[in-house]
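K.L.:
As input, take protein.csv (CSV, C-alpha atoms):
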chain,number,residue,atom,x,y,z
U,125,MET,CA,9.2,2.6,3.8
U,126,THR,CA,9.7,1.4,0.2
U,127,ASP,CA,8.6,3.5,-2.8
U,128,LYS,CA,5.8,1.0,-3.4
U,129,LEU,CA,4.3,2.0,0.0
U,130,LYS,CA,4.5,5.7,-0.5
U,131,VAL,CA,1.2,7.5,-0.8
U,132,PRO,CA,0.0,11.1,-1.1
U,133,LYS,CA,-0.2,13.0,2.2
U,134,ALA,CA,-3.9,13.4,1.8
U,135,MET,CA,-4.3,9.6,1.7
U,136,GLN,CA,-1.7,8.7,4.4
U,137,SER,CA,-4.2,8.3,7.2
U,138,VAL,CA,-6.5,6.2,5.1
U,139,PHE,CA,-3.6,4.1,3.9
U,140,ASP,CA,-2.3,3.6,7.5
U,141,THR,CA,-5.7,2.4,8.6
U,142,VAL,CA,-6.2,0.0,5.7
U,143,ALA,CA,-2.5,-1.2,5.9
U,144,GLY,CA,-2.9,-1.9,9.6
U,145,ILE,CA,-6.1,-4.0,9.0
U,146,ILE,CA,-4.3,-5.9,6.3
U,147,ASP,CA,-1.2,-6.6,8.4
U,148,GLU,CA,-3.2,-7.7,11.4
U,149,PHE,CA,-5.3,-10.1,9.3
U,150,CYS,CA,-2.4,-11.5,7.3
U,151,GLN,CA,-0.2,-12.0,10.4
U,152,LYS,CA,-3.1,-14.0,12.0
U,153,HIS,CA,-4.4,-15.9,9.0
U,154,LEU,CA,-1.8,-15.9,6.2
U,155,ASN,CA,1.8,-14.7,6.2
U,156,GLU,CA,4.1,-11.7,5.9
U,157,GLU,CA,4.3,-12.0,2.1
U,158,TYR,CA,0.5,-11.6,1.7
U,159,SER,CA,0.6,-8.7,4.1
U,160,HIS,CA,3.3,-6.8,2.2
U,161,VAL,CA,2.0,-7.4,-1.3
U,162,SER,CA,-1.6,-6.5,-0.2
U,163,GLN,CA,-0.3,-3.3,1.4
U,164,GLU,CA,1.5,-2.5,-1.8
U,165,LEU,CA,-1.8,-2.8,-3.6
U,166,ALA,CA,-3.5,-0.6,-1.1
U,167,ALA,CA,-0.8,2.0,-1.6
U,168,ALA,CA,-1.1,1.8,-5.4
U,169,LEU,CA,-4.9,2.4,-5.0
U,170,CYS,CA,-4.2,5.4,-2.7
U,171,ARG,CA,-2.0,6.9,-5.5
U,172,LYS,CA,-4.9,6.7,-8.0
U,173,ARG,CA,-6.6,10.0,-8.8
U,174,PRO,CA,-9.2,10.0,-7.4
U,175,SER,CA,-8.4,7.2,-5.0
U,176,PRO,CA,-11.2,4.7,-4.5
U,177,LEU,CA,-10.1,4.3,-0.9
U,178,ALA,CA,-11.2,7.9,-0.2
U,179,LYS,CA,-14.8,6.6,0.0
U,180,GLY,CA,-16.0,3.5,1.7
U,181,LYS,CA,-15.1,1.5,4.8
U,182,PRO,CA,-11.4,0.7,5.4
U,183,GLU,CA,-12.2,-2.8,6.4
U,184,GLN,CA,-13.9,-3.5,3.1
U,185,TRP,CA,-11.0,-2.1,1.1
U,186,ALA,CA,-8.5,-4.1,3.3
U,187,CYS,CA,-10.5,-7.3,2.6
U,188,ALA,CA,-10.7,-6.5,-1.1
U,189,CYS,CA,-7.0,-6.0,-1.4
U,190,VAL,CA,-6.2,-9.3,0.3
U,191,TYR,CA,-8.9,-10.9,-1.8
U,192,VAL,CA,-7.3,-9.7,-5.1
U,193,ILE,CA,-3.8,-10.7,-4.1
U,194,GLY,CA,-5.1,-14.0,-2.9
U,195,SER,CA,-7.0,-14.6,-6.1
U,196,ALA,CA,-4.0,-13.7,-8.3
U,197,ASN,CA,-1.8,-16.1,-6.2
U,198,PHE,CA,-4.4,-19.0,-6.0
U,199,LEU,CA,-4.9,-18.7,-2.2
U,200,HIS,CA,-8.2,-20.6,-2.7
U,201,ASP,CA,-6.3,-23.7,-4.1
U,202,LYS,CA,-6.0,-26.4,-1.5
U,203,SER,CA,-2.5,-27.3,-2.9
U,204,GLN,CA,-1.2,-23.9,-1.9
U,205,THR,CA,0.4,-22.9,1.4
U,206,PRO,CA,-1.1,-20.9,3.0
U,207,HIS,CA,-4.6,-21.9,1.7
U,208,LEU,CA,-7.8,-20.1,2.5
U,209,PRO,CA,-11.1,-20.2,0.5
U,210,LEU,CA,-12.0,-16.7,-0.6
U,211,GLY,CA,-15.4,-17.0,1.0
U,212,ARG,CA,-13.8,-17.8,4.3
U,213,LEU,CA,-11.4,-14.9,3.9
U,214,CYS,CA,-14.5,-12.6,3.7
U,215,GLU,CA,-16.0,-14.2,6.8
U,216,LEU,CA,-12.8,-13.7,8.8
U,217,PHE,CA,-12.8,-10.1,7.8
U,218,GLY,CA,-16.4,-9.8,8.8
U,219,ILE,CA,-17.3,-8.5,5.3
U,220,GLY,CA,-20.1,-9.9,3.1
U,221,LYS,CA,-18.8,-12.0,0.2
U,222,SER,CA,-20.9,-9.9,-2.3
U,223,THR,CA,-19.4,-6.6,-1.0
U,224,ALA,CA,-15.8,-8.0,-1.0
U,225,THR,CA,-16.2,-9.5,-4.5
U,226,THR,CA,-17.6,-6.3,-5.9
U,227,LYS,CA,-14.8,-4.2,-4.5
U,228,ALA,CA,-12.2,-6.9,-5.5
U,229,ARG,CA,-13.5,-6.9,-9.1
U,230,SER,CA,-13.4,-3.1,-9.3
U,231,ILE,CA,-9.7,-3.2,-8.1
U,232,GLU,CA,-8.9,-5.9,-10.6
U,233,GLN,CA,-10.4,-3.9,-13.5
U,234,MET,CA,-8.9,-0.6,-12.3
U,235,MET,CA,-5.4,-2.1,-11.9
U,236,GLY,CA,-5.5,-4.6,-14.7
U,237,ILE,CA,-4.9,-7.6,-12.3
U,238,SER,CA,-5.4,-11.2,-13.3
U,239,TYR,CA,-4.3,-14.6,-12.3
U,240,LEU,CA,-0.5,-15.0,-12.2
U,241,ASP,CA,0.0,-11.3,-12.7
U,242,PRO,CA,3.8,-10.8,-12.4
U,243,ARG,CA,3.3,-7.4,-10.7
U,244,TRP,CA,1.3,-8.9,-7.9
U,245,THR,CA,2.8,-12.4,-7.5
U,246,LEU,CA,4.1,-13.2,-4.1
U,247,PRO,CA,7.9,-13.2,-4.0
U,248,SER,CA,8.1,-16.9,-3.1
U,249,LYS,CA,6.0,-17.7,-6.2
U,250,LEU,CA,7.9,-15.6,-8.7
U,251,GLU,CA,10.2,-18.3,-9.8
U,252,GLY,CA,7.4,-20.7,-10.6
U,253,ASN,CA,5.2,-18.1,-12.4
U,254,PRO,CA,5.7,-18.6,-16.2
U,255,LEU,CA,4.4,-15.1,-17.0
U,256,VAL,CA,7.3,-13.6,-15.1
U,257,TRP,CA,9.8,-15.2,-17.5
U,258,MET,CA,8.0,-14.8,-20.9
U,259,LEU,CA,9.6,-12.0,-22.9
U,260,ASN,CA,9.2,-10.8,-26.5
U,261,VAL,CA,12.5,-11.2,-28.3
U,262,ASN,CA,12.4,-10.1,-31.9
U,263,GLY,CA,8.7,-10.8,-32.1
U,264,PHE,CA,8.9,-14.2,-30.5
U,265,ALA,CA,7.8,-15.2,-27.0
U,266,VAL,CA,10.8,-16.6,-25.2
U,267,ASP,CA,11.2,-18.1,-21.7
U,268,ILE,CA,14.2,-16.1,-20.6
U,269,ARG,CA,15.2,-18.9,-18.2
U,270,THR,CA,16.3,-20.9,-21.2
U,271,ALA,CA,18.2,-18.0,-22.8
U,272,PRO,CA,22.0,-17.4,-22.5
U,273,LEU,CA,23.2,-15.8,-19.3
U,274,GLU,CA,24.1,-12.6,-21.1
U,275,LEU,CA,20.4,-12.1,-22.3
U,276,GLN,CA,19.2,-12.9,-18.8
U,277,GLU,CA,21.5,-10.3,-17.3
U,278,GLU,CA,20.4,-7.7,-19.9
U,279,ALA,CA,16.7,-8.4,-19.1
U,280,PHE,CA,17.4,-8.0,-15.4
U,281,GLN,CA,19.2,-4.7,-16.0
U,282,ARG,CA,16.3,-3.4,-18.0
U,283,GLY,CA,13.9,-4.4,-15.1
U,284,LEU,CA,12.1,-7.0,-17.2
U,285,ILE,CA,12.7,-9.9,-14.7
U,286,PRO,CA,13.1,-9.9,-10.9
U,287,PHE,CA,16.4,-11.7,-10.8
U,288,VAL,CA,18.9,-13.5,-13.1
U,289,PRO,CA,17.7,-17.2,-13.1
U,290,GLY,CA,21.1,-18.4,-14.4
U,291,LYS,CA,22.8,-17.1,-11.4
U,292,LYS,CA,20.4,-18.5,-8.8
U,293,LYS,CA,21.7,-21.5,-6.9
Could you spell out this file's structure in structure tokens?
P.N.:
Amino acid sequence: MTDKLKVPKAMQSVFDTVAGIIDEFCQKHLNEEYSHVSQELAAALCRKRPSPLAKGKPEQWACACVYVIGSANFLHDKSQTPHLPLGRLCELFGIGKSTATTKARSIEQMMGISYLDPRWTLPSKLEGNPLVWMLNVNGFAVDIRTAPLELQEEAFQRGLIPFVPGKKK
């Protein structure tokens, strides 16, 4: 288990239930990436004090987590693979769209999640997400992909970027 999936003991059973629902849904309708990142979000919510997942139905929270990750990664966009309209996602979970949207919005506000959020971007979409690569260098916004390799390596060592783009083949 990665650190991103660790939760307090008091929330472990809730997390296991929500994560199981997420995984089953994503394996059937989406993919492993959506499953993993959505479970990371559920774990982050379990670590909140007090955790919103302590109250409410696990199915609703599972749906809301996938909804938020799907929204941040444009799951609803027909040009994306996989593609699933968010209303259909709610139907497949058996959760009302209004309920899912309300819970999803509360998660987005609580966690500060928006479109293209680098913290919640699917690994396969990181390279194409411009927000991942924009860094403040001496007061200027710089796309680190265009910077010298030494700066890219330093940014990676500081944990500012997920990998060194100049070394990727």
K.L.:
So which one's closest to Cys189 of chain U, U:Asp241, U:Glu232, U:Glu277, U:Glu148? Using all atoms listed in the file, please.
P.N.:
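Closest candidate: U:Glu232.
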K.L.:
I'd like the interatomic distance between atom CA of Trp257 of chain U and atom CA of Leu154 of chain U, to a tenth of an Å.
P.N.:
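Taking atom CA of Trp257 of chain U and atom CA of Leu154 of chain U, their separation equals 26.4 Å.
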K.L.:
Which residues are close to Glu183 of chain U, i.e. within 8 Å by all atoms listed in the file, leaving aside same-chain residues fewer than 4 positions away? Reply as a ChimeraX atom specification.
P.N.:
/U:142,145,187,217,219
K.L.:
Within 8 Å of Met135 of chain U, counting only C-alpha atoms, which residues show up once you throw out same-chain ones fewer than 3 positions away? Write them as a ChimeraX atom specification, please.
P.N.:
/U:131-132,138-139,170,178
K.L.:
Counting all atoms listed in the file, give me one row per residue of segment 225-246 of chain U with an atom at most 10 Å from an atom of segment 194-198 of chain U, showing the shortest contact pair and its distance in Å to one decimal, sorted by chain then residue number, as a tab-separated table.
P.N.:
residue	atom	partner	partner_atom	distance
U:Ala228	CA	U:Ser195	CA	9.3
U:Glu232	CA	U:Ala196	CA	9.5
U:Ile237	CA	U:Ala196	CA	7.3
U:Ser238	CA	U:Ala196	CA	5.8
U:Tyr239	CA	U:Ala196	CA	4.1
U:Leu240	CA	U:Ala196	CA	5.4
U:Asp241	CA	U:Ala196	CA	6.4
U:Pro242	CA	U:Ala196	CA	9.3
U:Arg243	CA	U:Ala196	CA	9.9
U:Trp244	CA	U:Ala196	CA	7.2
U:Thr245	CA	U:Asn197	CA	6.0
U:Leu246	CA	U:Asn197	CA	6.9
K.L.:
Would you kindly return, as a list in words, each protein, DNA or RNA residue with an atom no farther than 12 Å from any atom of Ser222 of chain U, considering all atoms listed in the file and excluding same-chain residues fewer than 5 positions away?
P.N.:
Gln184, Cys187, Ala188, Leu210, Gly211, Cys214, Glu215, Lys227, Ala228 and Arg229 of chain U
K.L.:
Between U:Gly220, U:Gly236, U:Pro254, U:Gly263, which is the closest to Ile285 of chain U once you count only C-alpha atoms?
P.N.:
U:Pro254
K.L.:
So which one's closest to Pro174 of chain U, U:Ile268, U:Leu213, U:Ala134, U:Met258? Using only C-alpha atoms, please.
P.N.:
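Once distances to Pro174 of chain U are computed over only C-alpha atoms, the minimum belongs to U:Ala134.
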K.L.:
Let me make sure I understand: among U:His200, U:Trp185, U:Phe280, U:Asn253, which one has the smallest atom-to-atom distance to Thr225 of chain U if we use all atoms listed in the file?
P.N.:
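When distances to Thr225 of chain U are compared using all atoms listed in the file, the smallest one comes from U:Trp185.
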K.L.:
Can you tell me, as a list of chain:residue names, what residues are no more than 7 Å from Ala167 of chain U when counting only C-alpha atoms, ignoring any on the same chain fewer than 2 positions away?
P.N.:
U:Lys128, U:Leu129, U:Lys130, U:Val131, U:Phe139, U:Gln163, U:Glu164, U:Leu165, U:Leu169, U:Cys170, U:Arg171
K.L.:
Just give me the gap between atom CA of Phe149 of chain U and atom CA of Ala168 of chain U in Å, one decimal is fine.
P.N.:
19.4 Å
K.L.:
Between U:Ile146, U:Pro289, U:Leu177, U:Thr205, which has the minimum distance to Ser248 of chain U (counting all atoms listed in the file)?
P.N.:
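Under the stated criterion, the closest residue is U:Thr205.
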K.L.:
With a distance cut-off of 12 Å and only C-alpha atoms, select the neighbouring residues of Phe287 of chain U, excluding the residue or stretch itself and same-chain residues fewer than 5 positions from it, and output the selection as a list in words.
P.N.:
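Near Phe287 of chain U, the qualifying residues are Pro247, Leu250, Glu251, Val256, Trp257, Ile268, Arg269, Leu273, Gln276, Glu277, Glu278, Ala279, Phe280, Gln281, Arg282, Lys292 and Lys293 of chain U.
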K.L.:
In Å, with one decimal, what is the gap from atom CA of Cys150 of chain U to atom CA of Val190 of chain U?
P.N.:
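Interatomic distance, atom CA of Cys150 of chain U to atom CA of Val190 of chain U: 8.3 Å.
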K.L.:
With all atoms listed in the file as the atoms that count, which of U:Gln233, U:Ile193, U:Gly252, U:Asp127 lies nearest to Ser159 of chain U?
P.N.:
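Under the stated criterion, the closest residue is U:Ile193.
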